[in-house]
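Q: Input: one structure, supplied below.
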2 protein chains.
Amino acid sequence: MANATVNNGVNVDALLAAREALKGAPAAAKFTWRAACKWQNGTNSTTKIQGFHGLGQEQQHKTEFSFEADHPEIFASEDLGATPIEYVLVGLASCLTAGVAAVAQNRGIQLRSVEAKLEGTMDIQGILGIDSDVRNGYDDIKVTFKIDADASKKDIEALVAQSQKRSAVYDVITNPVNVRVEVV
Amino acid sequence: MANATVNNGVNVDALLAAREALKGAPAAAKFTWRAACKWQNGTNSTTKIQGFHGLGQEQQHKTEFSFEADHPEIFASEDLGATPIEYVLVGLASCLTAGVAAVAQNRGIQLRSVEAKLEGTMDIQGILGIDSDVRNGYDDIKVTFKIDADASKKDIEALVAQSQKRSAVYDVITNPVNVRVEVV
């Protein structure tokens, strides 16, 4: 139940209402998220995000979001944007953090500050093709939360655990997703 | 072999030299990528990226990259940034695209344009906790490349296949990664 004296800026009542509404209309729960990427030069590309599909119809973000990606100078690139693998950390950090705020609101816990530091380790012998036993991606990601809230350490740990349990990005990273790549 | 008459802006000679150098110094191939996330309000957070570790020492991007994330208005949020799950598509799109450019350079194929459209489907009955048999994240991601290059359809398809084979983000999404979450 949402607690009126607590305000983390999350409209939990609306989310609970949406949950009730979608129970009777499961087709509306099917979402499609989209991105459009354009190669610029070298390892630099620009990816734009605006439209998506959900609640049974086309939806639009209020504004178009645009992201530059590139590789760092130590890989002889221009470093014009974050490295693709760093975007995965942005997604994970923001997904778990939004979840902490939503769960805290639902549990009547006032948050004062939430910070997360992420570290993903990777052996680039994989992507460089030096050793085929080395995977291309992260072998391990560590997320460290520092949370100041009106709650015990135990309740704060439970908040984070619940956020993990319902995190879309955490699921995508820790479990396999089917990816189809086509050329037209 | 790099082809001097082809220029996709990727310094393949430097990458091949790095590969040779790292064969004799595998410890330098261990990278740590980092992100620091700060909750703002509601589902809105800001994630910053600048430092990382690799080639045996601390490294810095030329500039700090900062990313706003939020949820859309249809989830009763402010829509102040891309949705966390959309950042996963940004990472995948930019990783595969950079790979296409690098492989094309190595194979002597001049690219004129590379575009990728991504669609990730997700049933939000998972994150809303309506049906515990529904996963939280994407059930399927489709990437569609449109590439204009001095090469046959078959050679272009082979470019994309090789990019997939060496993509860090593709690996992270299609295979499980160990994620540890701690509260300090």
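Letters A, B, ... mark the chains of the structure tokens in the order given; residue numbers begin at 1 per chain; ligand numbers begin at 1, in order shown.
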Would you kindly return, as an MDAnalysis selection string, each protein, DNA or RNA residue with an atom no farther than 8 Å from any atom of range 169-177 of chain B, considering only C-alpha atoms and excluding same-chain residues fewer than 3 positions away?

A: (chainID A and resid 84:85 88 135:141 172:179) or (chainID B and resid 91:92 95:96 164)

Q: Need to verify the contact set: Ala36 in chain B, 9 Å, only C-alpha atoms, exclusion of same-chain residues closer than 6 positions in sequence. Can you return it as a list in words?

A: Val90, Ala93, Glu115, Ala116, Lys117 and Leu118 of chain A; Thr46, Thr47, Lys48 and Ile49 of chain B

Q: Could those residues be written to a file, using all heavy atoms, as a PDB file, in the first residue's frame?

A:
```
ATOM      1  N   VAL A  90      24.607   1.575 -17.880  1.00  0.00           N
ATOM      2  CA  VAL A  90      23.628   2.673 -17.699  1.00  0.00           C
ATOM      3  C   VAL A  90      22.230   2.078 -17.534  1.00  0.00           C
ATOM      4  O   VAL A  90      21.476   2.470 -16.635  1.00  0.00           O
ATOM      5  CB  VAL A  90      23.663   3.647 -18.901  1.00  0.00           C
ATOM      6  CG1 VAL A  90      22.564   4.701 -18.776  1.00  0.00           C
ATOM      7  CG2 VAL A  90      25.034   4.310 -19.032  1.00  0.00           C
ATOM      8  N   ALA A  93      22.009   0.183 -14.070  1.00  0.00           N
ATOM      9  CA  ALA A  93      22.010   1.117 -12.936  1.00  0.00           C
ATOM     10  C   ALA A  93      20.664   1.816 -12.808  1.00  0.00           C
ATOM     11  O   ALA A  93      20.076   1.895 -11.716  1.00  0.00           O
ATOM     12  CB  ALA A  93      23.126   2.162 -13.130  1.00  0.00           C
ATOM     13  N   GLU A 115      22.536   5.973  -4.379  1.00  0.00           N
ATOM     14  CA  GLU A 115      23.647   5.987  -5.327  1.00  0.00           C
ATOM     15  C   GLU A 115      24.059   4.558  -5.625  1.00  0.00           C
ATOM     16  O   GLU A 115      24.059   3.706  -4.732  1.00  0.00           O
ATOM     17  CB  GLU A 115      24.855   6.728  -4.739  1.00  0.00           C
ATOM     18  CG  GLU A 115      24.669   8.234  -4.732  1.00  0.00           C
ATOM     19  CD  GLU A 115      25.850   8.952  -4.084  1.00  0.00           C
ATOM     20  OE1 GLU A 115      27.002   8.496  -4.266  1.00  0.00           O
ATOM     21  OE2 GLU A 115      25.606   9.946  -3.387  1.00  0.00           O
ATOM     22  N   ALA A 116      24.399   4.315  -6.872  1.00  0.00           N
ATOM     23  CA  ALA A 116      24.870   2.978  -7.253  1.00  0.00           C
ATOM     24  C   ALA A 116      26.161   3.118  -8.044  1.00  0.00           C
ATOM     25  O   ALA A 116      26.261   3.966  -8.941  1.00  0.00           O
ATOM     26  CB  ALA A 116      23.824   2.260  -8.095  1.00  0.00           C
ATOM     27  N   LYS A 117      27.141   2.320  -7.648  1.00  0.00           N
ATOM     28  CA  LYS A 117      28.383   2.272  -8.436  1.00  0.00           C
ATOM     29  C   LYS A 117      28.449   0.901  -9.093  1.00  0.00           C
ATOM     30  O   LYS A 117      28.232  -0.117  -8.440  1.00  0.00           O
ATOM     31  CB  LYS A 117      29.607   2.468  -7.533  1.00  0.00           C
ATOM     32  CG  LYS A 117      29.647   3.847  -6.910  1.00  0.00           C
ATOM     33  CD  LYS A 117      31.072   4.364  -6.801  1.00  0.00           C
ATOM     34  CE  LYS A 117      31.135   5.756  -6.199  1.00  0.00           C
ATOM     35  NZ  LYS A 117      30.442   6.791  -7.017  1.00  0.00           N
ATOM     36  N   LEU A 118      28.750   0.893 -10.381  1.00  0.00           N
ATOM     37  CA  LEU A 118      28.786  -0.373 -11.116  1.00  0.00           C
ATOM     38  C   LEU A 118      30.167  -0.605 -11.695  1.00  0.00           C
ATOM     39  O   LEU A 118      30.811   0.345 -12.169  1.00  0.00           O
ATOM     40  CB  LEU A 118      27.758  -0.374 -12.257  1.00  0.00           C
ATOM     41  CG  LEU A 118      26.305  -0.570 -11.826  1.00  0.00           C
ATOM     42  CD1 LEU A 118      25.732   0.733 -11.310  1.00  0.00           C
ATOM     43  CD2 LEU A 118      25.461  -1.115 -12.948  1.00  0.00           C
TER      44      LEU A 118
ATOM     45  N   THR B  46      20.373   9.782 -12.942  1.00  0.00           N
ATOM     46  CA  THR B  46      21.435  10.258 -13.823  1.00  0.00           C
ATOM     47  C   THR B  46      22.642   9.343 -13.657  1.00  0.00           C
ATOM     48  O   THR B  46      23.091   9.119 -12.526  1.00  0.00           O
ATOM     49  CB  THR B  46      21.846  11.698 -13.444  1.00  0.00           C
ATOM     50  OG1 THR B  46      20.679  12.516 -13.398  1.00  0.00           O
ATOM     51  CG2 THR B  46      22.830  12.283 -14.448  1.00  0.00           C
ATOM     52  N   THR B  47      23.140   8.810 -14.754  1.00  0.00           N
ATOM     53  CA  THR B  47      24.297   7.916 -14.688  1.00  0.00           C
ATOM     54  C   THR B  47      25.470   8.545 -15.428  1.00  0.00           C
ATOM     55  O   THR B  47      25.323   8.998 -16.567  1.00  0.00           O
ATOM     56  CB  THR B  47      23.964   6.539 -15.301  1.00  0.00           C
ATOM     57  OG1 THR B  47      22.860   5.975 -14.596  1.00  0.00           O
ATOM     58  CG2 THR B  47      25.154   5.590 -15.195  1.00  0.00           C
ATOM     59  N   LYS B  48      26.608   8.595 -14.749  1.00  0.00           N
ATOM     60  CA  LYS B  48      27.800   9.209 -15.348  1.00  0.00           C
ATOM     61  C   LYS B  48      28.878   8.167 -15.621  1.00  0.00           C
ATOM     62  O   LYS B  48      29.061   7.228 -14.853  1.00  0.00           O
ATOM     63  CB  LYS B  48      28.328  10.309 -14.430  1.00  0.00           C
ATOM     64  CG  LYS B  48      27.276  11.405 -14.273  1.00  0.00           C
ATOM     65  CD  LYS B  48      27.790  12.690 -13.716  1.00  0.00           C
ATOM     66  CE  LYS B  48      26.655  13.722 -13.862  1.00  0.00           C
ATOM     67  NZ  LYS B  48      27.029  15.053 -13.411  1.00  0.00           N
ATOM     68  N   ILE B  49      29.566   8.393 -16.716  1.00  0.00           N
ATOM     69  CA  ILE B  49      30.609   7.475 -17.157  1.00  0.00           C
ATOM     70  C   ILE B  49      31.838   8.274 -17.532  1.00  0.00           C
ATOM     71  O   ILE B  49      31.744   9.220 -18.315  1.00  0.00           O
ATOM     72  CB  ILE B  49      30.095   6.650 -18.370  1.00  0.00           C
ATOM     73  CG1 ILE B  49      29.087   5.638 -17.853  1.00  0.00           C
ATOM     74  CG2 ILE B  49      31.238   5.992 -19.137  1.00  0.00           C
ATOM     75  CD1 ILE B  49      28.604   4.639 -18.820  1.00  0.00           C
TER      76      ILE B  49
END
```

Q: Can you list, as a VMD selection string, all residues belonging to range 22-160 of chain A that DSSP tags as alpha helix (DSSP H)?

A: chain A and resid 22 to 23 84 to 106 153 to 160

Q: Write down as a PyMOL selection string the residues of range 133-173 of chain B whose backbone DSSP state falls under strand (DSSP E or B).

A: chain B and resi 140-149

Q: Can you pull out the residues contacting range 98-110 of chain A? Cut-off 7 Å, using only C-alpha atoms, and skip same-chain residues under 2 positions away; I want them as an NGL selection string.

A: (:A and (1-3 or 6-8 or 10 or 12 or 94-96 or 112 or 149-151 or 159-160 or 163 or 167)) or (:B and (42-44))

Q: Do you have, as a Markdown table, the list of residues of range 25-77 of chain B lying at most 12 Å from range 61-69 of chain A, each with its nearest atom pair and that distance in Å to one decimal, counting only C-alpha atoms and ordered by chain then number?

A:
```
| residue | atom | partner | partner_atom | distance |
| --- | --- | --- | --- | --- |
| B:His61 | CA | A:Ala69 | CA | 12.0 |
| B:Phe65 | CA | A:Glu68 | CA | 9.6 |
| B:Ser66 | CA | A:Phe67 | CA | 10.3 |
| B:Phe67 | CA | A:Phe67 | CA | 8.9 |
| B:Glu68 | CA | A:Phe65 | CA | 9.6 |
| B:Ala69 | CA | A:Phe65 | CA | 10.1 |
| B:Asp70 | CA | A:His61 | CA | 10.5 |
| B:His71 | CA | A:His61 | CA | 9.3 |
| B:Pro72 | CA | A:His61 | CA | 6.4 |
| B:Glu73 | CA | A:His61 | CA | 7.8 |
| B:Ile74 | CA | A:His61 | CA | 9.5 |
| B:Phe75 | CA | A:His61 | CA | 11.6 |
| B:Ser77 | CA | A:His61 | CA | 11.1 |
```

Q: Could you check which of B:Thr32, B:Gln60, B:Thr97, B:Gln40 is closest to Asp123 in chain A, using only C-alpha atoms?

A: B:Thr32

Q: Quick one: of A:Ser132, A:Gln50, A:Ala25, A:Thr144, who's nearest to chain B, counting only C-alpha atoms?

A: A:Thr144

Q: From the options B:Thr121, B:Leu128, B:Ser45, B:Leu55, which residue's atoms come nearest to Glu78 in chain B, counting only C-alpha atoms?

A: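 Between B:Thr121, B:Leu128, B:Ser45, B:Leu55, the residue approaching Glu78 in chain B most closely is B:Ser45.
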
Q: Using only C-alpha atoms, which residue out of B:Gln57, B:Ser152, B:Gln162, B:Asn41 lies closest to chain A?

A: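 Closest candidate: B:Asn41.
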
Q: Can you list, as a list in words, every protein, DNA or RNA residue that comes within 8 Å of Lys142 in chain B when you count only C-alpha atoms, leaving out same-chain residues fewer than 4 positions away?

A: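 So, after excluding close chain neighbours, the residues are Val179, Arg180, Val181 and Glu182 of chain A; Leu118, Glu119 and Gly120 of chain B.
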
Q: Just to be explicit: take each residue in the selection above, keep C-alpha atoms, and write the result as a PDB file, in the first residue's frame.

A:
```
ATOM      1  CA  VAL A 179      18.431 -11.983 -30.580  1.00  0.00           C
ATOM      2  CA  ARG A 180      17.809 -12.261 -34.322  1.00  0.00           C
ATOM      3  CA  VAL A 181      19.984 -10.238 -36.656  1.00  0.00           C
ATOM      4  CA  GLU A 182      18.942  -9.775 -40.287  1.00  0.00           C
TER       5      GLU A 182
ATOM      6  CA  LEU B 118      16.031  -2.651 -33.302  1.00  0.00           C
ATOM      7  CA  GLU B 119      12.845  -3.938 -31.743  1.00  0.00           C
ATOM      8  CA  GLY B 120      12.698  -5.615 -28.366  1.00  0.00           C
TER       9      GLY B 120
END
```
